[in-house]
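Data block for start-v9.txt (compact mmCIF, C-alpha atoms and all ligand atoms):
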# COMPACT_ATOMS: atom_id res chain seq x y z
CA MET A 1 -23.30 -9.63 4.20
CA SER A 2 -20.47 -11.96 3.10
CA LYS A 3 -17.94 -14.33 4.56
CA VAL A 4 -14.62 -12.52 4.23
CA ALA A 5 -11.10 -13.64 5.14
CA PHE A 6 -8.30 -11.13 5.66
CA LEU A 7 -4.67 -12.31 5.41
CA GLY A 8 -2.00 -9.93 6.74
CA LEU A 9 -2.77 -7.67 9.68
CA GLY A 10 0.00 -5.12 9.18
CA VAL A 11 -0.22 -1.34 9.46
CA MET A 12 -2.74 -1.33 6.60
CA GLY A 13 -4.45 -4.73 6.87
CA TYR A 14 -5.29 -4.49 10.58
CA PRO A 15 -7.63 -1.48 10.33
CA MET A 16 -8.94 -2.57 6.90
CA ALA A 17 -10.09 -5.89 8.36
CA GLY A 18 -11.62 -3.90 11.23
CA HIS A 19 -13.75 -1.91 8.78
CA LEU A 20 -15.02 -5.16 7.24
CA ALA A 21 -16.14 -6.34 10.68
CA ALA A 22 -17.75 -2.98 11.45
CA ALA A 23 -19.66 -3.21 8.15
CA GLY A 24 -21.25 -6.44 9.42
CA HIS A 25 -19.36 -9.03 7.36
CA GLU A 26 -18.48 -12.39 8.87
CA VAL A 27 -14.70 -11.88 9.13
CA ARG A 28 -11.90 -14.37 9.74
CA VAL A 29 -8.37 -13.04 10.15
CA TRP A 30 -4.93 -14.59 9.86
CA ASN A 31 -1.47 -13.10 10.35
CA ARG A 32 1.94 -14.80 10.18
CA THR A 33 2.85 -13.38 13.58
CA SER A 34 -0.04 -14.71 15.63
CA HIS A 35 -0.15 -12.18 18.48
CA LYS A 36 -1.66 -9.61 16.08
CA VAL A 37 -4.58 -11.98 15.44
CA GLY A 38 -5.30 -12.15 19.19
CA GLN A 39 -5.05 -8.38 19.46
CA TRP A 40 -7.43 -7.92 16.49
CA VAL A 41 -10.19 -10.17 17.87
CA GLY A 42 -9.88 -8.28 21.16
CA GLU A 43 -10.78 -5.11 19.31
CA TYR A 44 -13.23 -6.26 16.61
CA THR A 45 -15.89 -8.93 16.06
CA GLY A 46 -14.48 -11.82 14.06
CA GLU A 47 -12.75 -15.18 14.19
CA ALA A 48 -9.03 -15.61 14.82
CA CYS A 49 -7.30 -18.22 12.66
CA LEU A 50 -3.87 -19.63 13.36
CA GLN A 51 -3.49 -20.98 9.80
CA PRO A 52 -4.38 -19.31 6.49
CA ASP A 53 -6.21 -22.40 5.20
CA THR A 54 -8.73 -22.20 8.09
CA ALA A 55 -9.31 -18.51 7.37
CA VAL A 56 -10.02 -18.89 3.64
CA LYS A 57 -12.19 -22.05 3.77
CA ASP A 58 -15.80 -21.22 2.78
CA ALA A 59 -14.97 -17.51 2.37
CA ASP A 60 -16.73 -15.67 -0.47
CA PHE A 61 -13.88 -13.15 -0.55
CA VAL A 62 -10.25 -13.41 0.53
CA MET A 63 -8.51 -10.06 0.96
CA MET A 64 -4.75 -9.91 1.49
CA CYS A 65 -2.24 -7.16 2.21
CA VAL A 66 1.34 -8.38 2.70
CA GLY A 67 4.73 -6.98 1.70
CA ARG A 68 6.17 -7.66 -1.73
CA ASP A 69 5.94 -10.04 -4.74
CA ALA A 70 7.50 -13.06 -3.00
CA ASP A 71 5.14 -12.67 -0.02
CA VAL A 72 2.09 -12.45 -2.30
CA LEU A 73 3.10 -15.60 -4.18
CA GLU A 74 3.77 -17.45 -0.93
CA VAL A 75 0.54 -16.51 0.86
CA ALA A 76 -1.68 -16.87 -2.23
CA GLY A 77 -0.02 -20.23 -2.95
CA VAL A 78 -1.17 -21.51 0.45
CA ALA A 79 -4.69 -20.10 -0.02
CA TYR A 80 -5.69 -21.40 -3.52
CA PRO A 81 -6.28 -25.07 -2.70
CA TYR A 82 -8.53 -24.22 0.26
CA MET A 83 -10.61 -21.47 -1.37
CA LYS A 84 -14.02 -22.46 -2.67
CA GLU A 85 -14.74 -22.34 -6.38
CA GLY A 86 -16.23 -19.00 -7.42
CA ALA A 87 -14.65 -17.14 -4.48
CA ILE A 88 -12.67 -13.97 -5.22
CA LEU A 89 -9.13 -13.17 -4.08
CA VAL A 90 -8.40 -9.45 -3.72
CA ASP A 91 -4.75 -8.49 -3.26
CA HIS A 92 -4.10 -5.06 -1.72
CA THR A 93 -0.31 -5.49 -1.61
CA THR A 94 1.77 -3.14 -3.79
CA ALA A 95 3.47 -5.61 -6.10
CA SER A 96 4.53 -5.89 -9.76
CA ASP A 97 2.02 -6.34 -12.57
CA GLY A 98 3.90 -9.55 -13.46
CA CYS A 99 3.17 -10.91 -9.99
CA ALA A 100 -0.51 -9.96 -10.38
CA LYS A 101 -0.71 -11.76 -13.74
CA GLN A 102 0.92 -14.87 -12.24
CA VAL A 103 -1.57 -14.93 -9.35
CA GLY A 104 -4.45 -14.22 -11.77
CA GLU A 105 -3.50 -17.23 -13.92
CA ARG A 106 -3.20 -19.53 -10.90
CA CYS A 107 -6.57 -18.31 -9.59
CA ALA A 108 -8.21 -18.98 -12.96
CA ALA A 109 -6.80 -22.52 -12.89
CA TRP A 110 -8.39 -23.05 -9.45
CA GLY A 111 -11.74 -21.56 -10.52
CA ILE A 112 -11.21 -18.48 -8.35
CA GLY A 113 -11.63 -14.83 -9.38
CA PHE A 114 -8.75 -12.37 -8.86
CA ILE A 115 -8.45 -8.61 -8.51
CA ASP A 116 -5.12 -6.81 -8.01
CA ALA A 117 -6.13 -3.87 -5.86
CA PRO A 118 -3.22 -1.80 -4.52
CA ILE A 119 -4.14 1.04 -2.21
CA SER A 120 -3.19 4.66 -1.60
CA GLY A 121 -3.97 6.87 1.38
CA GLY A 122 -1.48 5.68 3.98
CA GLU A 123 -2.10 4.46 7.51
CA SER A 124 -4.55 7.29 8.21
CA GLY A 125 -6.53 6.36 5.07
CA ALA A 126 -6.75 2.76 6.30
CA VAL A 127 -7.72 3.78 9.84
CA ASN A 128 -10.35 6.23 8.60
CA GLY A 129 -11.67 3.92 5.85
CA GLN A 130 -10.72 6.49 3.21
CA LEU A 131 -8.41 4.54 0.90
CA THR A 132 -8.16 4.92 -2.86
CA VAL A 133 -8.16 1.50 -4.52
CA MET A 134 -6.95 0.95 -8.09
CA CYS A 135 -8.02 -2.39 -9.52
CA GLY A 136 -7.20 -4.80 -12.31
CA GLY A 137 -9.38 -7.75 -13.27
CA ASP A 138 -12.64 -8.84 -14.89
CA GLN A 139 -15.61 -6.49 -14.68
CA ALA A 140 -17.81 -9.24 -13.19
CA HIS A 141 -15.31 -9.99 -10.38
CA PHE A 142 -14.82 -6.28 -9.77
CA ASP A 143 -18.57 -5.64 -9.51
CA LYS A 144 -18.86 -8.37 -6.87
CA ALA A 145 -15.84 -7.13 -4.89
CA VAL A 146 -16.67 -3.40 -4.81
CA PRO A 147 -19.33 -3.60 -2.04
CA ILE A 148 -16.76 -5.39 0.16
CA ILE A 149 -13.88 -3.00 -0.64
CA ASP A 150 -16.24 -0.05 -0.02
CA ALA A 151 -15.96 -0.78 3.73
CA TYR A 152 -12.55 0.93 3.78
CA ALA A 153 -12.44 2.96 0.57
CA LYS A 154 -13.51 6.40 -0.60
CA ALA A 155 -12.73 5.58 -4.25
CA VAL A 156 -12.52 2.24 -6.10
CA LYS A 157 -11.83 2.10 -9.83
CA LEU A 158 -11.31 -0.70 -12.34
CA MET A 159 -8.37 0.25 -14.58
CA GLY A 160 -8.29 -2.73 -16.96
CA PRO A 161 -7.35 -6.43 -16.89
CA VAL A 162 -5.34 -8.09 -14.11
CA GLY A 163 -2.12 -6.08 -13.57
CA ALA A 164 -3.70 -2.71 -14.44
CA GLY A 165 -4.22 -1.87 -10.76
CA GLN A 166 -0.51 -2.37 -10.05
CA LEU A 167 0.47 -0.31 -13.14
CA THR A 168 -1.76 2.53 -11.90
CA LYS A 169 -0.15 2.36 -8.44
CA MET A 170 3.26 2.70 -10.18
CA VAL A 171 2.06 5.94 -11.79
CA ASN A 172 0.97 7.11 -8.32
CA GLN A 173 4.43 6.40 -6.87
CA ILE A 174 6.23 8.15 -9.77
CA CYS A 175 4.15 11.28 -9.06
CA ILE A 176 4.84 11.12 -5.32
CA ALA A 177 8.60 10.62 -5.67
CA GLY A 178 9.14 13.71 -7.83
CA MET A 179 6.64 15.74 -5.81
CA LEU A 180 8.36 14.99 -2.49
CA GLN A 181 11.82 15.90 -3.75
CA GLY A 182 10.38 19.20 -5.01
CA LEU A 183 8.65 19.86 -1.69
CA SER A 184 11.83 18.99 0.23
CA GLU A 185 13.83 21.51 -1.80
CA ALA A 186 11.03 24.08 -1.29
CA VAL A 187 11.00 23.67 2.52
CA ASN A 188 14.80 23.74 2.65
CA PHE A 189 14.85 26.90 0.53
CA ALA A 190 12.12 28.64 2.55
CA GLN A 191 13.86 27.93 5.86
CA ALA A 192 17.29 29.00 4.57
CA ALA A 193 15.68 32.24 3.34
CA GLY A 194 14.22 32.90 6.82
CA LEU A 195 10.56 32.20 5.96
CA ASP A 196 8.09 30.40 8.24
CA MET A 197 6.90 27.31 6.34
CA ASP A 198 3.38 27.37 7.84
CA GLU A 199 3.04 30.98 6.67
CA VAL A 200 4.35 29.99 3.23
CA VAL A 201 1.77 27.18 2.96
CA GLY A 202 -0.90 29.68 4.04
CA ALA A 203 0.14 31.92 1.15
CA ILE A 204 0.67 29.40 -1.67
CA GLY A 205 -1.25 26.33 -0.47
CA LYS A 206 -4.43 27.18 -2.38
CA GLY A 207 -2.63 27.99 -5.64
CA ALA A 208 -0.95 25.98 -8.38
CA ALA A 209 1.68 24.56 -6.00
CA GLN A 210 -0.94 22.87 -3.82
CA SER A 211 -0.69 19.10 -3.33
CA TRP A 212 -1.71 16.42 -0.81
CA GLN A 213 1.94 16.32 0.24
CA MET A 214 2.00 20.08 0.83
CA ASP A 215 -1.28 19.99 2.80
CA ASN A 216 -0.27 17.03 4.95
CA ARG A 217 3.53 17.02 5.13
CA ALA A 218 5.01 20.53 4.75
CA SER A 219 4.54 21.38 8.46
CA THR A 220 5.86 18.05 9.75
CA MET A 221 8.85 18.30 7.41
CA ALA A 222 9.58 21.82 8.63
CA ARG A 223 9.67 20.42 12.18
CA GLY A 224 11.89 17.49 11.13
CA GLU A 225 9.23 14.87 12.08
CA TYR A 226 9.50 11.63 10.14
CA GLU A 227 8.61 8.87 12.61
CA PHE A 228 5.25 8.03 10.99
CA GLY A 229 3.60 7.48 7.62
CA PHE A 230 4.74 5.55 4.54
CA ALA A 231 8.15 3.96 5.14
CA VAL A 232 11.18 4.65 2.96
CA ASP A 233 11.83 0.88 2.71
CA TRP A 234 8.37 0.40 1.14
CA MET A 235 8.96 3.34 -1.22
CA ARG A 236 12.26 1.84 -2.41
CA LYS A 237 10.45 -1.45 -3.04
CA ASP A 238 7.82 0.43 -5.08
CA LEU A 239 10.36 2.50 -7.04
CA GLY A 240 12.30 -0.72 -7.79
CA ILE A 241 9.11 -2.12 -9.36
CA VAL A 242 8.58 1.14 -11.28
CA LEU A 243 12.15 1.22 -12.65
CA ASP A 244 12.05 -2.46 -13.66
CA THR A 245 8.77 -1.88 -15.48
CA ALA A 246 10.06 1.29 -17.15
CA LYS A 247 13.07 -0.68 -18.43
CA LYS A 248 10.73 -3.24 -19.98
CA LEU A 249 8.78 -0.39 -21.59
CA GLY A 250 12.05 1.15 -22.90
CA LEU A 251 11.50 4.38 -20.93
CA ASP A 252 14.00 6.77 -19.31
CA MET A 253 12.92 7.82 -15.80
CA PRO A 254 15.66 10.29 -14.79
CA VAL A 255 13.88 11.97 -11.87
CA THR A 256 12.44 8.75 -10.43
CA GLU A 257 15.86 7.10 -10.67
CA LEU A 258 17.53 10.04 -8.92
CA VAL A 259 14.94 10.12 -6.12
CA ASP A 260 15.38 6.36 -5.66
CA TRP A 261 19.12 6.98 -5.07
CA TYR A 262 18.24 9.77 -2.63
CA TYR A 263 16.04 7.32 -0.69
CA ALA A 264 19.03 4.95 -0.56
CA ASP A 265 20.92 7.81 1.16
CA VAL A 266 18.05 8.16 3.66
CA GLN A 267 18.30 4.42 4.38
CA ASP A 268 22.07 4.89 4.98
CA MET A 269 21.14 7.60 7.51
CA GLY A 270 19.05 5.00 9.41
CA GLY A 271 15.74 6.21 7.97
CA ASN A 272 14.39 2.85 6.74
CA ARG A 273 11.09 3.29 8.61
CA TRP A 274 10.91 7.10 8.32
CA ASP A 275 8.12 8.66 6.29
CA THR A 276 8.89 9.29 2.59
CA SER A 277 8.95 13.05 3.27
CA SER A 278 12.36 12.45 4.96
CA LEU A 279 14.08 13.36 1.66
CA LEU A 280 14.41 16.74 3.41
CA ALA A 281 16.59 15.17 6.16
CA ARG A 282 19.06 14.22 3.44
CA LEU A 283 19.24 17.83 2.20
CA LYS A 284 19.70 19.13 5.75
CA ARG A 285 22.59 16.72 6.24
CA GLU A 286 24.56 18.09 3.29
N1 LIG B 301 1.89 1.66 5.10
C1 LIG B 301 1.40 2.43 4.15
O1 LIG B 301 1.20 3.65 4.33
C2 LIG B 301 1.02 1.83 2.79
C3 LIG B 301 0.30 2.60 1.89
C4 LIG B 301 -0.05 2.07 0.66
C5 LIG B 301 0.36 0.78 0.32
N2 LIG B 301 1.10 0.04 1.22
C6 LIG B 301 1.50 -1.32 0.80
O2 LIG B 301 0.68 -2.25 1.54
C7 LIG B 301 1.46 -3.41 1.83
C8 LIG B 301 1.47 -3.63 3.35
O3 LIG B 301 2.02 -2.47 3.97
P1 LIG B 301 1.99 -2.30 5.56
O4 LIG B 301 2.44 -0.91 5.83
O5 LIG B 301 0.72 -2.80 6.12
O6 LIG B 301 3.19 -3.31 5.95
P2 LIG B 301 3.51 -3.99 7.37
O7 LIG B 301 2.95 -3.21 8.50
O8 LIG B 301 4.97 -4.29 7.36
O9 LIG B 301 2.68 -5.36 7.28
C9 LIG B 301 3.00 -6.36 6.36
C10 LIG B 301 2.07 -7.53 6.62
O10 LIG B 301 2.37 -8.58 5.70
C11 LIG B 301 2.67 -9.77 6.42
N3 LIG B 301 3.65 -10.53 5.65
C12 LIG B 301 4.73 -10.06 4.98
N4 LIG B 301 5.37 -11.07 4.37
C13 LIG B 301 4.68 -12.18 4.63
C14 LIG B 301 4.84 -13.54 4.26
N5 LIG B 301 5.85 -13.95 3.47
N6 LIG B 301 3.95 -14.44 4.72
C15 LIG B 301 2.92 -14.04 5.51
N7 LIG B 301 2.71 -12.77 5.90
C16 LIG B 301 3.58 -11.85 5.45
C17 LIG B 301 3.20 -9.30 7.75
O11 LIG B 301 3.13 -10.32 8.73
P3 LIG B 301 3.96 -10.21 10.11
O12 LIG B 301 3.13 -9.39 11.04
O13 LIG B 301 4.09 -11.61 10.54
O14 LIG B 301 5.28 -9.59 9.76
C18 LIG B 301 2.24 -8.13 8.03
O15 LIG B 301 1.00 -8.59 8.45
C19 LIG B 301 2.84 -3.20 1.21
O16 LIG B 301 2.88 -3.78 -0.07
C20 LIG B 301 2.94 -1.67 1.12
O17 LIG B 301 3.82 -1.25 0.09
C21 LIG B 301 1.42 0.53 2.45

Output the file's structure in the form of C-alpha cells.
Ligand SMILES: NC(=O)c1ccc[n+]([C@@H]2O[C@H](COP(=O)([O-])OP(=O)(O)OC[C@H]3O[C@@H](n4cnc5c(N)ncnc54)[C@H](OP(=O)(O)O)[C@@H]3O)[C@@H](O)[C@H]2O)c1
Amino acid sequence: MSKVAFLGLGVMGYPMAGHLAAAGHEVRVWNRTSHKVGQWVGEYTGEACLQPDTAVKDADFVMMCVGRDADVLEVAGVAYPYMKEGAILVDHTTASDGCAKQVGERCAAWGIGFIDAPISGGESGAVNGQLTVMCGGDQAHFDKAVPIIDAYAKAVKLMGPVGAGQLTKMVNQICIAGMLQGLSEAVNFAQAAGLDMDEVVGAIGKGAAQSWQMDNRASTMARGEYEFGFAVDWMRKDLGIVLDTAKKLGLDMPVTELVDWYYADVQDMGGNRWDTSSLLARLKRE
C-alpha cells in the first residue's frame, strides 16, 4: 500500500480518491473549496489537508483532477517543491498535450516522475471505479502508477511519451462529438416519424449503429433529460483543445468544428451544465 495524495475533489476526483482509500492506500486529500475535504473524510478513511503542500509531502504518488490547462499549471506549480524526489505526479485532468509536456519538464527538473492520464467514463465510471485511463509518460513511471490507478479503472493504457495520453483523449472527444450529433438527428427523426425511441433502440441497438451513447443516452434524450453527465462547458473546453491541436497539425476538422458551434448554441440556451447529449435540445428548438 502507498501514500497517495489526491488534489481536486470535483465530480470525478471525489469518488476516485474514495476508491484509493477503499483499496487500503494511505490517502490525503486537498480541495480548493475546503468544505468538500470535510465531506470526503466524513465518508472515507483518509486525512483532510487544508493546503496542497501538506497533502503532497511524503506522498509516493500525487494524483490530481482539476479543470483546464491553467488550473493544472497552478496546482502542479504549488506541489512540485513539496513533493519528495522519486515521487510520481499523475494528472487526470483533460488538458492540452502542450500543458502535459510543460508539467513533465518541470517534474523532471524536480526529480519527480509524471504521467498525463486523462479519463473517460463519466461520473458513473468514477463512482463505480470503471474509468478508462489513457496515459503518456515513461514506461517505468507508468508501471509504478498502474497499481494505484487500478483502484478506479477498468482499463489503463500507456500510449507513448508525455502528452500521448492527452492526444488520445482528443481522439476520444472527436469521436463523441460526431457520434452525439448523429444520435441527436436520429432521435429527432424517429420522434418526428412517430416511432418510439426505446423500441427503435431495441431493434437497431445490437447492430452496426450500436454505440455507448446509444445504449446509455438514447432513452434519456428521447425524454429530454439533460441535467446529469458530462457538461457542455467541459466539452467545449475539450473541443477547443482538439481544434487548436488540429490547426497545429494542419488538419481540417469540419464536423468537429460544426458540433463545437452547436454546443455554443446549447450554452446560449442556458445548457452550460447539461449533458453533452443536449445537442438534441438545440434541434428541438429550431
Ligand atoms: N465530469 C465528467 O464526466 C468528466 C469525464 C471525463 C473527464 N473529465 C475531466 O476531468 C476534469 C475534472 O472534471 P470534473 O467533472 O470533476 O469537474 P468539477 O466537478 O468542476 O471539479 C473540478 C475540480 O477542480 C478544482 N479546481 C479547478 N480549478 C482549480 C484551481 N485553479 N485550483 C485548485 N483547484 C481547482 C475544483 O475545485 P473547487 O471545488 O474549489 O472548485 C474541483 O475540485 C476536467 O478536466 C474534465 O474535463 C470530466

Could you give me, as CSV, a per-residue list for chain A showing, wherever an atom lies at most 8 Å from an atom of ligand LIG 301 (chain B), the closest pair of atoms and their distance in Å to one decimal, using all atoms listed in the file and sorting by chain then residue number from low to high?
residue,atom,partner,partner_atom,distance
A:Leu7,CA,B:LIG301,N7,7.4
A:Gly8,CA,B:LIG301,O15,3.7
A:Leu9,CA,B:LIG301,O15,4.1
A:Gly10,CA,B:LIG301,O9,3.3
A:Val11,CA,B:LIG301,O5,3.8
A:Met12,CA,B:LIG301,O5,3.8
A:Gly13,CA,B:LIG301,O5,5.6
A:Tyr14,CA,B:LIG301,O5,7.7
A:Asn31,CA,B:LIG301,O15,5.5
A:Arg32,CA,B:LIG301,O13,3.9
A:Thr33,CA,B:LIG301,O13,3.7
A:Ser34,CA,B:LIG301,O13,7.3
A:Lys36,CA,B:LIG301,O12,7.0
A:Cys65,CA,B:LIG301,C8,5.2
A:Val66,CA,B:LIG301,O10,3.2
A:Gly67,CA,B:LIG301,O16,4.1
A:Arg68,CA,B:LIG301,O16,5.4
A:Ala70,CA,B:LIG301,N5,6.7
A:Asp71,CA,B:LIG301,N5,3.8
A:Val72,CA,B:LIG301,N5,7.0
A:Glu74,CA,B:LIG301,N5,6.0
A:Val75,CA,B:LIG301,N6,5.6
A:His92,CA,B:LIG301,O2,6.4
A:Thr93,CA,B:LIG301,O16,3.9
A:Thr94,CA,B:LIG301,O16,3.9
A:Ala95,CA,B:LIG301,O16,6.3
A:Pro118,CA,B:LIG301,C5,6.5
A:Ile119,CA,B:LIG301,C4,5.1
A:Ser120,CA,B:LIG301,C4,4.7
A:Gly121,CA,B:LIG301,C3,6.1
A:Gly122,CA,B:LIG301,O1,3.4
A:Glu123,CA,B:LIG301,O1,4.7
A:Ser124,CA,B:LIG301,O1,7.8
A:Gly229,CA,B:LIG301,O1,5.6
A:Phe230,CA,B:LIG301,O1,4.0
A:Ala231,CA,B:LIG301,N1,6.7
A:Trp234,CA,B:LIG301,O17,5.0
A:Met235,CA,B:LIG301,O17,7.0
A:Lys237,CA,B:LIG301,O17,7.3
A:Asp238,CA,B:LIG301,O17,6.7

For stretch 130-147 of chain A, find every residue with an atom within 7 Å (counting only C-alpha atoms), except residues of its own chain fewer than 6 positions away, and show them as a PDB file with C-alpha atoms, in the coordinates of the input.
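Produced file selection-v5.pdb, reproduced below:
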ATOM      1  CA  GLY A 113     -11.630 -14.830  -9.380  1.00  0.00           C
ATOM      2  CA  PHE A 114      -8.750 -12.370  -8.860  1.00  0.00           C
ATOM      3  CA  ILE A 115      -8.450  -8.610  -8.510  1.00  0.00           C
ATOM      4  CA  ASP A 116      -5.120  -6.810  -8.010  1.00  0.00           C
ATOM      5  CA  ALA A 117      -6.130  -3.870  -5.860  1.00  0.00           C
ATOM      6  CA  PRO A 118      -3.220  -1.800  -4.520  1.00  0.00           C
ATOM      7  CA  ILE A 119      -4.140   1.040  -2.210  1.00  0.00           C
ATOM      8  CA  SER A 120      -3.190   4.660  -1.600  1.00  0.00           C
ATOM      9  CA  GLY A 121      -3.970   6.870   1.380  1.00  0.00           C
ATOM     10  CA  ALA A 153     -12.440   2.960   0.570  1.00  0.00           C
ATOM     11  CA  LYS A 154     -13.510   6.400  -0.600  1.00  0.00           C
ATOM     12  CA  ALA A 155     -12.730   5.580  -4.250  1.00  0.00           C
ATOM     13  CA  VAL A 156     -12.520   2.240  -6.100  1.00  0.00           C
ATOM     14  CA  LYS A 157     -11.830   2.100  -9.830  1.00  0.00           C
ATOM     15  CA  LEU A 158     -11.310  -0.700 -12.340  1.00  0.00           C
ATOM     16  CA  MET A 159      -8.370   0.250 -14.580  1.00  0.00           C
ATOM     17  CA  GLY A 160      -8.290  -2.730 -16.960  1.00  0.00           C
ATOM     18  CA  PRO A 161      -7.350  -6.430 -16.890  1.00  0.00           C
ATOM     19  CA  VAL A 162      -5.340  -8.090 -14.110  1.00  0.00           C
ATOM     20  CA  GLY A 163      -2.120  -6.080 -13.570  1.00  0.00           C
ATOM     21  CA  ALA A 164      -3.700  -2.710 -14.440  1.00  0.00           C
ATOM     22  CA  GLY A 165      -4.220  -1.870 -10.760  1.00  0.00           C
ATOM     23  CA  THR A 168      -1.760   2.530 -11.900  1.00  0.00           C
ATOM     24  CA  LYS A 169      -0.150   2.360  -8.440  1.00  0.00           C
TER      25      LYS A 169
END

Which protein, DNA or RNA residues are at most 8 Å from (-7.6, -15.9, 15.7) in the file's coordinates when you count all atoms listed in the file, listed as a PDB file with C-alpha atoms, in the frame of the given file?
ATOM      1  CA  ARG A  28     -11.900 -14.370   9.740  1.00  0.00           C
ATOM      2  CA  VAL A  29      -8.370 -13.040  10.150  1.00  0.00           C
ATOM      3  CA  TRP A  30      -4.930 -14.590   9.860  1.00  0.00           C
ATOM      4  CA  SER A  34      -0.040 -14.710  15.630  1.00  0.00           C
ATOM      5  CA  VAL A  37      -4.580 -11.980  15.440  1.00  0.00           C
ATOM      6  CA  GLY A  38      -5.300 -12.150  19.190  1.00  0.00           C
ATOM      7  CA  VAL A  41     -10.190 -10.170  17.870  1.00  0.00           C
ATOM      8  CA  GLU A  47     -12.750 -15.180  14.190  1.00  0.00           C
ATOM      9  CA  ALA A  48      -9.030 -15.610  14.820  1.00  0.00           C
ATOM     10  CA  CYS A  49      -7.300 -18.220  12.660  1.00  0.00           C
ATOM     11  CA  LEU A  50      -3.870 -19.630  13.360  1.00  0.00           C
TER      12      LEU A  50
END

* Test item: residues at most 9 Å from stretch 273-286 of chain A, all atoms listed in the file, excluding those fewer than 2 positions along its chain, as a PyMOL selection string -> chain A and resi 177+180-181+183-185+187-188+213+217-218+220-222+224-235+259+262-263+265-267+269-271

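Of note, atom CA of A:Val127 and atom CA of A:Asp60 are spaced 23.8 Å apart.
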
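Here atom CA of A:Ala208 and atom CA of A:Gly178 stand 15.9 Å from one another.
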
* To do: For atom CA of A:Gln39 and atom CA of A:Met16, quote the distance in Å rounded to one decimal.
  => 14.4 Å

* Asked: Could you pull the residues within 12 Å of stretch 242-245 of chain A, counting all atoms listed in the file, minus those fewer than 3 positions along the same chain, as a PyMOL selection string?
  -> chain A and resi 94-99+163+166-175+177+235-239+248-261

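Comparing A:Trp212, A:Trp110, A:Phe189, A:Tyr152 by their smallest distance to A:Pro15, the closest is A:Tyr152 (using only C-alpha atoms).
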
* Asked: Counting only C-alpha atoms, which of A:Val90, A:Leu73, A:Ile148, A:Val62 gets nearest to A:Leu20?
  -> A:Ile148
